[in-house]
Structure formats: structure tokens, C-alpha cells
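What follows is the content of target.txt, which has compact mmCIF, all heavy atoms:
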# COMPACT_ATOMS: atom_id res chain seq x y z
N MET A 19 0.85 -1.19 0.00
CA MET A 19 0.00 0.00 0.00
C MET A 19 0.89 1.24 0.00
O MET A 19 1.85 1.33 0.76
CB MET A 19 -0.86 -0.06 1.26
CG MET A 19 -1.45 1.24 1.73
SD MET A 19 -2.27 1.03 3.33
CE MET A 19 -1.06 1.76 4.41
N TYR A 20 0.53 2.17 -0.86
CA TYR A 20 1.29 3.42 -0.86
C TYR A 20 0.95 4.27 0.36
O TYR A 20 -0.22 4.45 0.68
CB TYR A 20 1.03 4.23 -2.14
CG TYR A 20 1.84 3.75 -3.30
CD1 TYR A 20 1.29 2.95 -4.27
CD2 TYR A 20 3.19 4.08 -3.39
CE1 TYR A 20 2.05 2.48 -5.33
CE2 TYR A 20 3.97 3.61 -4.45
CZ TYR A 20 3.39 2.81 -5.41
OH TYR A 20 4.16 2.35 -6.45
N VAL A 21 1.96 4.73 1.02
CA VAL A 21 1.79 5.61 2.19
C VAL A 21 2.07 7.05 1.77
O VAL A 21 1.32 7.96 2.09
CB VAL A 21 2.74 5.19 3.32
CG1 VAL A 21 2.63 6.14 4.50
CG2 VAL A 21 2.47 3.76 3.74
N CYS A 22 3.16 7.22 1.05
CA CYS A 22 3.58 8.56 0.62
C CYS A 22 3.50 8.61 -0.91
O CYS A 22 4.33 8.03 -1.60
CB CYS A 22 5.01 8.82 1.09
SG CYS A 22 5.67 10.40 0.55
N LEU A 23 2.46 9.28 -1.39
CA LEU A 23 2.28 9.36 -2.84
C LEU A 23 3.31 10.28 -3.48
O LEU A 23 3.74 10.06 -4.60
CB LEU A 23 0.86 9.86 -3.15
CG LEU A 23 -0.26 8.91 -2.76
CD1 LEU A 23 -1.60 9.53 -3.08
CD2 LEU A 23 -0.11 7.57 -3.47
N CYS A 24 3.72 11.30 -2.77
CA CYS A 24 4.69 12.25 -3.34
C CYS A 24 6.00 11.55 -3.70
O CYS A 24 6.62 11.85 -4.71
CB CYS A 24 4.98 13.38 -2.37
SG CYS A 24 3.58 14.45 -2.06
N LYS A 25 6.40 10.62 -2.84
CA LYS A 25 7.70 9.96 -3.02
C LYS A 25 7.57 8.50 -3.42
O LYS A 25 8.59 7.81 -3.57
CB LYS A 25 8.51 10.06 -1.72
CG LYS A 25 8.81 11.49 -1.28
CD LYS A 25 9.86 12.11 -2.18
CE LYS A 25 10.18 13.52 -1.74
NZ LYS A 25 11.30 14.08 -2.47
N GLY A 26 6.35 7.99 -3.54
CA GLY A 26 6.15 6.61 -3.94
C GLY A 26 6.64 5.60 -2.91
O GLY A 26 7.22 4.57 -3.26
N ILE A 27 6.40 5.91 -1.64
CA ILE A 27 6.88 5.04 -0.55
C ILE A 27 5.72 4.21 -0.01
O ILE A 27 4.64 4.73 0.25
CB ILE A 27 7.50 5.90 0.57
CG1 ILE A 27 8.73 6.65 0.03
CG2 ILE A 27 7.87 5.04 1.78
CD1 ILE A 27 9.21 7.75 0.93
N THR A 28 5.99 2.91 0.16
CA THR A 28 4.96 1.99 0.64
C THR A 28 5.19 1.63 2.10
O THR A 28 6.26 1.90 2.67
CB THR A 28 4.97 0.69 -0.19
OG1 THR A 28 6.21 0.02 0.07
CG2 THR A 28 4.84 0.98 -1.69
N ASP A 29 4.18 0.96 2.69
CA ASP A 29 4.34 0.47 4.06
C ASP A 29 5.49 -0.52 4.15
O ASP A 29 6.21 -0.57 5.14
CB ASP A 29 3.02 -0.16 4.57
CG ASP A 29 2.49 -1.26 3.67
OD1 ASP A 29 2.79 -1.26 2.45
OD2 ASP A 29 1.76 -2.13 4.17
N LYS A 30 5.72 -1.29 3.08
CA LYS A 30 6.84 -2.25 3.09
C LYS A 30 8.18 -1.51 3.14
O LYS A 30 9.10 -1.95 3.83
CB LYS A 30 6.76 -3.14 1.86
CG LYS A 30 7.84 -4.22 1.85
CD LYS A 30 7.66 -5.18 0.71
CE LYS A 30 8.60 -6.38 0.80
NZ LYS A 30 9.98 -6.07 1.09
N HIS A 31 8.29 -0.40 2.43
CA HIS A 31 9.52 0.39 2.50
C HIS A 31 9.82 0.81 3.95
O HIS A 31 10.96 0.78 4.40
CB HIS A 31 9.42 1.66 1.64
CG HIS A 31 9.49 1.41 0.16
ND1 HIS A 31 8.53 1.86 -0.71
CD2 HIS A 31 10.41 0.77 -0.58
CE1 HIS A 31 8.86 1.49 -1.95
NE2 HIS A 31 9.99 0.83 -1.88
N ILE A 32 8.76 1.19 4.67
CA ILE A 32 8.93 1.63 6.05
C ILE A 32 9.41 0.45 6.91
O ILE A 32 10.37 0.58 7.68
CB ILE A 32 7.62 2.23 6.60
CG1 ILE A 32 7.31 3.54 5.86
CG2 ILE A 32 7.72 2.48 8.11
CD1 ILE A 32 5.94 4.12 6.15
N ARG A 33 8.76 -0.70 6.76
CA ARG A 33 9.17 -1.87 7.55
C ARG A 33 10.60 -2.29 7.18
O ARG A 33 11.40 -2.64 8.07
CB ARG A 33 8.18 -3.02 7.33
CG ARG A 33 6.80 -2.74 7.92
CD ARG A 33 5.95 -4.00 7.98
NE ARG A 33 5.70 -4.59 6.67
CZ ARG A 33 4.70 -4.25 5.86
NH1 ARG A 33 3.84 -3.32 6.24
NH2 ARG A 33 4.56 -4.83 4.69
N ASP A 34 10.91 -2.27 5.89
CA ASP A 34 12.27 -2.66 5.47
C ASP A 34 13.31 -1.70 6.05
O ASP A 34 14.43 -2.12 6.38
CB ASP A 34 12.36 -2.66 3.94
CG ASP A 34 11.63 -3.84 3.31
OD1 ASP A 34 11.23 -4.76 4.05
OD2 ASP A 34 11.46 -3.83 2.08
N SER A 35 12.96 -0.44 6.15
CA SER A 35 13.90 0.54 6.71
C SER A 35 14.19 0.23 8.18
O SER A 35 15.34 0.33 8.64
CB SER A 35 13.30 1.94 6.55
OG SER A 35 14.16 2.91 7.09
N VAL A 36 13.15 -0.16 8.92
CA VAL A 36 13.34 -0.57 10.31
C VAL A 36 14.24 -1.80 10.37
O VAL A 36 15.20 -1.87 11.15
CB VAL A 36 11.99 -0.85 11.00
CG1 VAL A 36 12.19 -1.45 12.39
CG2 VAL A 36 11.15 0.42 11.08
N ASP A 37 13.95 -2.78 9.51
CA ASP A 37 14.75 -4.01 9.49
C ASP A 37 16.21 -3.71 9.12
O ASP A 37 17.12 -4.42 9.54
CB ASP A 37 14.16 -5.01 8.48
CG ASP A 37 12.84 -5.58 8.94
OD1 ASP A 37 12.52 -5.46 10.15
OD2 ASP A 37 12.10 -6.12 8.10
N ALA A 38 16.42 -2.66 8.32
CA ALA A 38 17.78 -2.30 7.89
C ALA A 38 18.53 -1.50 8.95
O ALA A 38 19.69 -1.13 8.74
CB ALA A 38 17.72 -1.52 6.58
N GLY A 39 17.86 -1.20 10.08
CA GLY A 39 18.57 -0.59 11.18
C GLY A 39 18.16 0.81 11.57
O GLY A 39 18.76 1.39 12.49
N ALA A 40 17.15 1.37 10.92
CA ALA A 40 16.68 2.70 11.33
C ALA A 40 16.19 2.61 12.77
O ALA A 40 15.31 1.81 13.07
CB ALA A 40 15.58 3.19 10.41
N GLY A 41 16.76 3.42 13.65
CA GLY A 41 16.48 3.29 15.07
C GLY A 41 15.41 4.21 15.61
O GLY A 41 15.08 4.16 16.79
N SER A 42 14.84 5.03 14.75
CA SER A 42 13.79 5.95 15.19
C SER A 42 12.95 6.33 13.97
O SER A 42 13.37 6.11 12.82
CB SER A 42 14.39 7.21 15.80
OG SER A 42 15.08 7.96 14.79
N PHE A 43 11.79 6.91 14.23
CA PHE A 43 10.97 7.34 13.10
C PHE A 43 11.69 8.43 12.31
O PHE A 43 11.59 8.49 11.08
CB PHE A 43 9.61 7.83 13.62
CG PHE A 43 8.67 8.21 12.50
CD1 PHE A 43 8.26 7.27 11.57
CD2 PHE A 43 8.20 9.51 12.39
CE1 PHE A 43 7.40 7.62 10.52
CE2 PHE A 43 7.34 9.86 11.36
CZ PHE A 43 6.93 8.92 10.43
N ARG A 44 12.41 9.26 13.02
CA ARG A 44 13.19 10.31 12.34
C ARG A 44 14.19 9.69 11.35
O ARG A 44 14.36 10.19 10.24
CB ARG A 44 13.93 11.15 13.38
CG ARG A 44 14.75 12.27 12.77
CD ARG A 44 15.47 13.05 13.86
NE ARG A 44 14.51 13.70 14.73
CZ ARG A 44 14.52 15.01 14.99
NH1 ARG A 44 15.44 15.78 14.48
NH2 ARG A 44 13.61 15.53 15.77
N GLU A 45 14.82 8.61 11.76
CA GLU A 45 15.79 7.95 10.87
C GLU A 45 15.10 7.32 9.66
O GLU A 45 15.65 7.33 8.56
CB GLU A 45 16.58 6.89 11.63
CG GLU A 45 17.65 7.49 12.52
CD GLU A 45 18.49 6.43 13.21
OE1 GLU A 45 18.64 5.32 12.67
OE2 GLU A 45 18.99 6.72 14.31
N VAL A 46 13.90 6.76 9.89
CA VAL A 46 13.14 6.22 8.76
C VAL A 46 12.82 7.33 7.77
O VAL A 46 13.01 7.19 6.56
CB VAL A 46 11.83 5.54 9.25
CG1 VAL A 46 10.94 5.17 8.07
CG2 VAL A 46 12.15 4.31 10.08
N ARG A 47 12.37 8.44 8.29
CA ARG A 47 12.04 9.58 7.41
C ARG A 47 13.25 10.02 6.62
O ARG A 47 13.16 10.30 5.43
CB ARG A 47 11.52 10.75 8.25
CG ARG A 47 10.11 10.55 8.74
CD ARG A 47 9.59 11.77 9.46
NE ARG A 47 9.64 12.96 8.60
CZ ARG A 47 9.13 14.13 8.92
NH1 ARG A 47 8.53 14.28 10.08
NH2 ARG A 47 9.22 15.15 8.11
N ARG A 48 14.38 10.08 7.30
CA ARG A 48 15.59 10.55 6.63
C ARG A 48 16.05 9.54 5.57
O ARG A 48 16.43 9.92 4.46
CB ARG A 48 16.70 10.77 7.67
CG ARG A 48 17.87 11.57 7.12
CD ARG A 48 18.90 11.89 8.20
NE ARG A 48 18.35 12.66 9.29
CZ ARG A 48 18.63 12.44 10.58
NH1 ARG A 48 19.44 11.49 10.94
NH2 ARG A 48 18.10 13.20 11.51
N ALA A 49 16.00 8.26 5.94
CA ALA A 49 16.48 7.22 5.02
C ALA A 49 15.65 7.15 3.75
O ALA A 49 16.18 6.92 2.66
CB ALA A 49 16.48 5.87 5.74
N LEU A 50 14.34 7.37 3.89
CA LEU A 50 13.45 7.20 2.75
C LEU A 50 13.08 8.52 2.08
O LEU A 50 12.41 8.52 1.05
CB LEU A 50 12.17 6.49 3.19
CG LEU A 50 12.34 5.07 3.76
CD1 LEU A 50 10.98 4.54 4.22
CD2 LEU A 50 12.93 4.14 2.70
N ASP A 51 13.46 9.63 2.70
CA ASP A 51 13.01 10.95 2.24
C ASP A 51 11.48 11.03 2.33
O ASP A 51 10.80 11.58 1.47
CB ASP A 51 13.50 11.22 0.82
CG ASP A 51 13.55 12.70 0.51
OD1 ASP A 51 13.63 13.49 1.46
OD2 ASP A 51 13.50 13.06 -0.69
N LEU A 52 10.97 10.43 3.39
CA LEU A 52 9.52 10.29 3.63
C LEU A 52 8.96 11.58 4.22
O LEU A 52 9.59 12.21 5.07
CB LEU A 52 9.33 9.12 4.60
CG LEU A 52 7.95 8.86 5.20
CD1 LEU A 52 6.99 8.36 4.15
CD2 LEU A 52 8.08 7.85 6.32
N ALA A 53 7.77 11.94 3.78
CA ALA A 53 7.04 13.10 4.32
C ALA A 53 7.81 14.40 4.13
O ALA A 53 7.67 15.32 4.93
CB ALA A 53 6.70 12.89 5.80
N SER A 54 8.59 14.47 3.09
CA SER A 54 9.43 15.66 2.90
C SER A 54 8.84 16.64 1.88
O SER A 54 9.41 17.69 1.64
CB SER A 54 10.82 15.23 2.43
OG SER A 54 10.73 14.56 1.19
N GLN A 55 7.70 16.25 1.30
CA GLN A 55 7.11 17.16 0.31
C GLN A 55 5.85 17.80 0.88
O GLN A 55 5.93 18.83 1.53
CB GLN A 55 6.86 16.41 -0.99
CG GLN A 55 6.97 17.32 -2.20
CD GLN A 55 7.24 16.55 -3.47
OE1 GLN A 55 8.00 15.57 -3.46
NE2 GLN A 55 6.62 16.97 -4.54
N CYS A 56 4.67 17.18 0.70
CA CYS A 56 3.45 17.80 1.24
C CYS A 56 3.27 17.51 2.72
O CYS A 56 2.58 18.25 3.41
CB CYS A 56 2.22 17.33 0.46
SG CYS A 56 1.70 15.65 0.88
N GLY A 57 3.86 16.40 3.19
CA GLY A 57 3.80 16.07 4.61
C GLY A 57 2.54 15.35 5.06
O GLY A 57 2.43 14.96 6.22
N LYS A 58 1.58 15.16 4.17
CA LYS A 58 0.29 14.58 4.57
C LYS A 58 0.41 13.13 5.02
O LYS A 58 -0.45 12.63 5.72
CB LYS A 58 -0.70 14.65 3.41
CG LYS A 58 -1.23 16.04 3.17
CD LYS A 58 -2.23 16.04 2.03
CE LYS A 58 -2.72 17.45 1.75
NZ LYS A 58 -3.34 17.55 0.43
N CYS A 59 1.47 12.46 4.60
CA CYS A 59 1.63 11.04 4.92
C CYS A 59 2.23 10.82 6.31
O CYS A 59 2.31 9.69 6.77
CB CYS A 59 2.54 10.39 3.89
SG CYS A 59 4.13 11.22 3.77
N GLY A 60 2.68 11.89 6.96
CA GLY A 60 3.44 11.74 8.19
C GLY A 60 2.71 10.97 9.28
O GLY A 60 3.29 10.10 9.92
N VAL A 61 1.42 11.26 9.49
CA VAL A 61 0.68 10.63 10.58
C VAL A 61 0.49 9.14 10.31
O VAL A 61 0.74 8.30 11.18
CB VAL A 61 -0.69 11.33 10.78
CG1 VAL A 61 -1.55 10.54 11.76
CG2 VAL A 61 -0.48 12.74 11.29
N VAL A 62 0.08 8.80 9.09
CA VAL A 62 -0.13 7.39 8.75
C VAL A 62 1.20 6.64 8.78
O VAL A 62 1.28 5.51 9.27
CB VAL A 62 -0.81 7.25 7.37
CG1 VAL A 62 -0.85 5.80 6.92
CG2 VAL A 62 -2.21 7.82 7.43
N ALA A 63 2.25 7.27 8.27
CA ALA A 63 3.57 6.62 8.28
C ALA A 63 4.00 6.33 9.71
O ALA A 63 4.55 5.26 10.00
CB ALA A 63 4.59 7.51 7.58
N ARG A 64 3.75 7.26 10.60
CA ARG A 64 4.10 7.07 12.00
C ARG A 64 3.33 5.90 12.61
O ARG A 64 3.87 5.11 13.39
CB ARG A 64 3.82 8.37 12.77
CG ARG A 64 4.08 8.29 14.26
CD ARG A 64 5.56 8.34 14.52
NE ARG A 64 5.88 7.71 15.76
CZ ARG A 64 6.86 8.12 16.57
NH1 ARG A 64 7.59 9.17 16.25
NH2 ARG A 64 7.13 7.49 17.66
N GLU A 65 2.04 5.79 12.27
CA GLU A 65 1.23 4.69 12.78
C GLU A 65 1.78 3.35 12.28
O GLU A 65 1.81 2.37 13.04
CB GLU A 65 -0.23 4.87 12.34
CG GLU A 65 -0.94 5.96 13.11
CD GLU A 65 -2.33 6.27 12.57
OE1 GLU A 65 -2.77 5.60 11.60
OE2 GLU A 65 -2.95 7.20 13.10
N ILE A 66 2.18 3.30 11.03
CA ILE A 66 2.74 2.05 10.48
C ILE A 66 4.05 1.72 11.19
O ILE A 66 4.29 0.57 11.57
CB ILE A 66 2.94 2.19 8.97
CG1 ILE A 66 1.58 2.22 8.27
CG2 ILE A 66 3.82 1.06 8.41
CD1 ILE A 66 1.62 2.68 6.85
N TYR A 67 4.88 2.73 11.39
CA TYR A 67 6.15 2.53 12.11
C TYR A 67 5.88 1.99 13.52
O TYR A 67 6.47 1.00 13.93
CB TYR A 67 6.90 3.85 12.15
CG TYR A 67 8.11 3.84 13.04
CD1 TYR A 67 9.32 3.32 12.57
CD2 TYR A 67 8.07 4.36 14.33
CE1 TYR A 67 10.45 3.30 13.39
CE2 TYR A 67 9.18 4.36 15.14
CZ TYR A 67 10.37 3.83 14.66
OH TYR A 67 11.47 3.81 15.47
N ASP A 68 4.98 2.66 14.26
CA ASP A 68 4.70 2.25 15.64
C ASP A 68 4.13 0.83 15.69
O ASP A 68 4.53 0.03 16.54
CB ASP A 68 3.71 3.22 16.30
CG ASP A 68 4.34 4.53 16.68
OD1 ASP A 68 5.59 4.59 16.76
OD2 ASP A 68 3.60 5.51 16.88
N SER A 69 3.19 0.51 14.81
CA SER A 69 2.58 -0.81 14.88
C SER A 69 3.58 -1.89 14.49
O SER A 69 3.53 -3.01 15.00
CB SER A 69 1.31 -0.88 14.04
OG SER A 69 1.62 -0.89 12.68
N TYR A 70 4.53 -1.55 13.59
CA TYR A 70 5.55 -2.56 13.25
C TYR A 70 6.47 -2.81 14.44
O TYR A 70 6.80 -3.95 14.74
CB TYR A 70 6.35 -2.10 12.03
CG TYR A 70 7.26 -3.19 11.49
CD1 TYR A 70 6.77 -4.46 11.26
CD2 TYR A 70 8.60 -2.95 11.22
CE1 TYR A 70 7.58 -5.47 10.77
CE2 TYR A 70 9.42 -3.95 10.72
CZ TYR A 70 8.92 -5.21 10.50
OH TYR A 70 9.72 -6.20 10.03
N LEU A 71 6.86 -1.75 15.15
CA LEU A 71 7.70 -1.94 16.34
C LEU A 71 6.97 -2.78 17.38
O LEU A 71 7.57 -3.63 18.03
CB LEU A 71 8.06 -0.59 16.95
CG LEU A 71 9.11 0.26 16.24
CD1 LEU A 71 9.54 1.39 17.16
CD2 LEU A 71 10.33 -0.55 15.83
N ASN A 72 5.67 -2.53 17.53
CA ASN A 72 4.89 -3.26 18.54
C ASN A 72 4.65 -4.71 18.15
O ASN A 72 4.20 -5.50 18.96
CB ASN A 72 3.54 -2.56 18.78
CG ASN A 72 3.74 -1.26 19.54
OD1 ASN A 72 4.68 -1.13 20.31
ND2 ASN A 72 2.85 -0.31 19.32
N SER A 73 4.93 -5.05 16.90
CA SER A 73 4.69 -6.43 16.45
C SER A 73 5.87 -7.34 16.76
O SER A 73 5.80 -8.55 16.54
CB SER A 73 4.40 -6.44 14.94
OG SER A 73 5.59 -6.21 14.21
N TYR A 74 6.96 -6.78 17.24
CA TYR A 74 8.13 -7.61 17.57
C TYR A 74 7.85 -8.45 18.80
O TYR A 74 7.21 -8.03 19.72
CB TYR A 74 9.38 -6.73 17.82
CG TYR A 74 10.08 -6.35 16.55
CD1 TYR A 74 9.95 -5.06 16.04
CD2 TYR A 74 10.86 -7.27 15.87
CE1 TYR A 74 10.59 -4.70 14.87
CE2 TYR A 74 11.52 -6.92 14.70
CZ TYR A 74 11.38 -5.63 14.20
OH TYR A 74 12.01 -5.29 13.05
FE1 LIG B 101 4.32 12.02 1.57
FE2 LIG B 101 3.32 14.07 0.21
S1 LIG B 101 2.42 12.11 0.55
S2 LIG B 101 5.20 13.98 1.31

Give the structure from this file in C-alpha cells form.
Ligand code: FES
Amino acid sequence: MYVCLCKGITDKHIRDSVDAGAGSFREVRRALDLASQCGKCGVVAREIYDSYLNSY
């Protein structure tokens, strides 16, 4: 599912970024250039990040 339409980032990209070692949501954003354009995806992206961490 696309999370960030501006940058073409999916929920899988976010999970893969965590698996690759991003240690915070800020690092995920930086690694993927997520939410850097219109910013509308930030809240949903954060929810995906949080729920993935809670699934461990
Ligand atoms: Fe992510 Fe616009 S949808 S920056």
C-alpha cells in the first residue's frame, strides 16, 4: 500500500527501513526521504512505524 504518494513510498519500505537498522521514526524519514514534500503522509507513516515496532 502506498503511504507517501509524493515519493512513492509503501508500508513495506517503512518496515524494510526498520529491518535495515533505522532506530527511530526520524531515521526512517531521513532514510526514505519520507514526508518531505506535502507532509500529509506523516501521521499514517508514524502509525505504520509504531505498529511494526509493537509487532516484535
Ligand atoms: Fe508524503 Fe506528500 S504524501 S510527502

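The smallest atom-to-atom distance between ligand LIG 101 (chain B) and any of A:Ala49, A:Cys22, A:Ile32, A:Ile27, using all atoms listed in the file, is found for A:Cys22.
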
Please identify every polymer residue within 3.5 Å of ligand LIG 101 (chain B), using all heavy atoms, and present the set as a PDB file with all heavy atoms, in the frame of the given file.
ATOM      1  N   CYS A  22       3.160   7.220   1.050  1.00  0.00           N
ATOM      2  CA  CYS A  22       3.580   8.560   0.620  1.00  0.00           C
ATOM      3  C   CYS A  22       3.500   8.610  -0.910  1.00  0.00           C
ATOM      4  O   CYS A  22       4.330   8.030  -1.600  1.00  0.00           O
ATOM      5  CB  CYS A  22       5.010   8.820   1.090  1.00  0.00           C
ATOM      6  SG  CYS A  22       5.670  10.400   0.550  1.00  0.00           S
ATOM      7  N   LEU A  23       2.460   9.280  -1.390  1.00  0.00           N
ATOM      8  CA  LEU A  23       2.280   9.360  -2.840  1.00  0.00           C
ATOM      9  C   LEU A  23       3.310  10.280  -3.480  1.00  0.00           C
ATOM     10  O   LEU A  23       3.740  10.060  -4.600  1.00  0.00           O
ATOM     11  CB  LEU A  23       0.860   9.860  -3.150  1.00  0.00           C
ATOM     12  CG  LEU A  23      -0.260   8.910  -2.760  1.00  0.00           C
ATOM     13  CD1 LEU A  23      -1.600   9.530  -3.080  1.00  0.00           C
ATOM     14  CD2 LEU A  23      -0.110   7.570  -3.470  1.00  0.00           C
ATOM     15  N   CYS A  24       3.720  11.300  -2.770  1.00  0.00           N
ATOM     16  CA  CYS A  24       4.690  12.250  -3.340  1.00  0.00           C
ATOM     17  C   CYS A  24       6.000  11.550  -3.700  1.00  0.00           C
ATOM     18  O   CYS A  24       6.620  11.850  -4.710  1.00  0.00           O
ATOM     19  CB  CYS A  24       4.980  13.380  -2.370  1.00  0.00           C
ATOM     20  SG  CYS A  24       3.580  14.450  -2.060  1.00  0.00           S
ATOM     21  N   GLN A  55       7.700  16.250   1.300  1.00  0.00           N
ATOM     22  CA  GLN A  55       7.110  17.160   0.310  1.00  0.00           C
ATOM     23  C   GLN A  55       5.850  17.800   0.880  1.00  0.00           C
ATOM     24  O   GLN A  55       5.930  18.830   1.530  1.00  0.00           O
ATOM     25  CB  GLN A  55       6.860  16.410  -0.990  1.00  0.00           C
ATOM     26  CG  GLN A  55       6.970  17.320  -2.200  1.00  0.00           C
ATOM     27  CD  GLN A  55       7.240  16.550  -3.470  1.00  0.00           C
ATOM     28  OE1 GLN A  55       8.000  15.570  -3.460  1.00  0.00           O
ATOM     29  NE2 GLN A  55       6.620  16.970  -4.540  1.00  0.00           N
ATOM     30  N   CYS A  56       4.670  17.180   0.700  1.00  0.00           N
ATOM     31  CA  CYS A  56       3.450  17.800   1.240  1.00  0.00           C
ATOM     32  C   CYS A  56       3.270  17.510   2.720  1.00  0.00           C
ATOM     33  O   CYS A  56       2.580  18.250   3.410  1.00  0.00           O
ATOM     34  CB  CYS A  56       2.220  17.330   0.460  1.00  0.00           C
ATOM     35  SG  CYS A  56       1.700  15.650   0.880  1.00  0.00           S
ATOM     36  N   GLY A  57       3.860  16.400   3.190  1.00  0.00           N
ATOM     37  CA  GLY A  57       3.800  16.070   4.610  1.00  0.00           C
ATOM     38  C   GLY A  57       2.540  15.350   5.060  1.00  0.00           C
ATOM     39  O   GLY A  57       2.430  14.960   6.220  1.00  0.00           O
ATOM     40  N   CYS A  59       1.470  12.460   4.600  1.00  0.00           N
ATOM     41  CA  CYS A  59       1.630  11.040   4.920  1.00  0.00           C
ATOM     42  C   CYS A  59       2.230  10.820   6.310  1.00  0.00           C
ATOM     43  O   CYS A  59       2.310   9.690   6.770  1.00  0.00           O
ATOM     44  CB  CYS A  59       2.540  10.390   3.890  1.00  0.00           C
ATOM     45  SG  CYS A  59       4.130  11.220   3.770  1.00  0.00           S
TER      46      CYS A  59
END

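Going from atom CZ of A:Arg33 over to atom NZ of A:Lys58, you cover 23.9 Å.
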
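Counting all heavy atoms and comparing A:Met19, A:Leu52, A:Val46, A:Ser35, the residue that lies closest to A:Tyr67 is A:Val46.
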
Self-check item: DSSP helix (DSSP H, G or I) selection over chain A, as a ChimeraX atom specification
Solution: /A:29-37,43-50,60-72

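With atom CA of A:Val36 on one side and atom CA of A:Tyr20 on the other, the separation reads 16.9 Å.
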
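From atom CA of A:Leu71 back to atom CA of A:Lys25, the distance works out to 22.7 Å.
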
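Within chain A, DSSP run on the backbone puts these residues in strand (DSSP E): A:Tyr20, A:Val21, A:Cys22, A:Ile27, A:Thr28.
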
Write the residues of the preceding selection, restricted to all heavy atoms, as a PDB file, in the coordinates of the input.
ATOM      1  N   TYR A  20       0.530   2.170  -0.860  1.00  0.00           N
ATOM      2  CA  TYR A  20       1.290   3.420  -0.860  1.00  0.00           C
ATOM      3  C   TYR A  20       0.950   4.270   0.360  1.00  0.00           C
ATOM      4  O   TYR A  20      -0.220   4.450   0.680  1.00  0.00           O
ATOM      5  CB  TYR A  20       1.030   4.230  -2.140  1.00  0.00           C
ATOM      6  CG  TYR A  20       1.840   3.750  -3.300  1.00  0.00           C
ATOM      7  CD1 TYR A  20       1.290   2.950  -4.270  1.00  0.00           C
ATOM      8  CD2 TYR A  20       3.190   4.080  -3.390  1.00  0.00           C
ATOM      9  CE1 TYR A  20       2.050   2.480  -5.330  1.00  0.00           C
ATOM     10  CE2 TYR A  20       3.970   3.610  -4.450  1.00  0.00           C
ATOM     11  CZ  TYR A  20       3.390   2.810  -5.410  1.00  0.00           C
ATOM     12  OH  TYR A  20       4.160   2.350  -6.450  1.00  0.00           O
ATOM     13  N   VAL A  21       1.960   4.730   1.020  1.00  0.00           N
ATOM     14  CA  VAL A  21       1.790   5.610   2.190  1.00  0.00           C
ATOM     15  C   VAL A  21       2.070   7.050   1.770  1.00  0.00           C
ATOM     16  O   VAL A  21       1.320   7.960   2.090  1.00  0.00           O
ATOM     17  CB  VAL A  21       2.740   5.190   3.320  1.00  0.00           C
ATOM     18  CG1 VAL A  21       2.630   6.140   4.500  1.00  0.00           C
ATOM     19  CG2 VAL A  21       2.470   3.760   3.740  1.00  0.00           C
ATOM     20  N   CYS A  22       3.160   7.220   1.050  1.00  0.00           N
ATOM     21  CA  CYS A  22       3.580   8.560   0.620  1.00  0.00           C
ATOM     22  C   CYS A  22       3.500   8.610  -0.910  1.00  0.00           C
ATOM     23  O   CYS A  22       4.330   8.030  -1.600  1.00  0.00           O
ATOM     24  CB  CYS A  22       5.010   8.820   1.090  1.00  0.00           C
ATOM     25  SG  CYS A  22       5.670  10.400   0.550  1.00  0.00           S
ATOM     26  N   ILE A  27       6.400   5.910  -1.640  1.00  0.00           N
ATOM     27  CA  ILE A  27       6.880   5.040  -0.550  1.00  0.00           C
ATOM     28  C   ILE A  27       5.720   4.210  -0.010  1.00  0.00           C
ATOM     29  O   ILE A  27       4.640   4.730   0.250  1.00  0.00           O
ATOM     30  CB  ILE A  27       7.500   5.900   0.570  1.00  0.00           C
ATOM     31  CG1 ILE A  27       8.730   6.650   0.030  1.00  0.00           C
ATOM     32  CG2 ILE A  27       7.870   5.040   1.780  1.00  0.00           C
ATOM     33  CD1 ILE A  27       9.210   7.750   0.930  1.00  0.00           C
ATOM     34  N   THR A  28       5.990   2.910   0.160  1.00  0.00           N
ATOM     35  CA  THR A  28       4.960   1.990   0.640  1.00  0.00           C
ATOM     36  C   THR A  28       5.190   1.630   2.100  1.00  0.00           C
ATOM     37  O   THR A  28       6.260   1.900   2.670  1.00  0.00           O
ATOM     38  CB  THR A  28       4.970   0.690  -0.190  1.00  0.00           C
ATOM     39  OG1 THR A  28       6.210   0.020   0.070  1.00  0.00           O
ATOM     40  CG2 THR A  28       4.840   0.980  -1.690  1.00  0.00           C
TER      41      THR A  28
END

Given 8 Å on each side, where is the centre and what are the edge lengths in Å to one decimal of the axis-aligned box enclosing the listed atoms of stretch 29-37 of chain A, as AutoDock Vina command-line options?
--center_x 9.4 --center_y -1.1 --center_z 5.2 --size_x 31.4 --size_y 26.5 --size_z 30.3

Quiz item: Nearest to A:Tyr70 among A:Asp37, A:Ala53, A:Arg48, A:Thr28, with distances taken over all atoms listed in the file: which residue is it?
Solution: A:Asp37
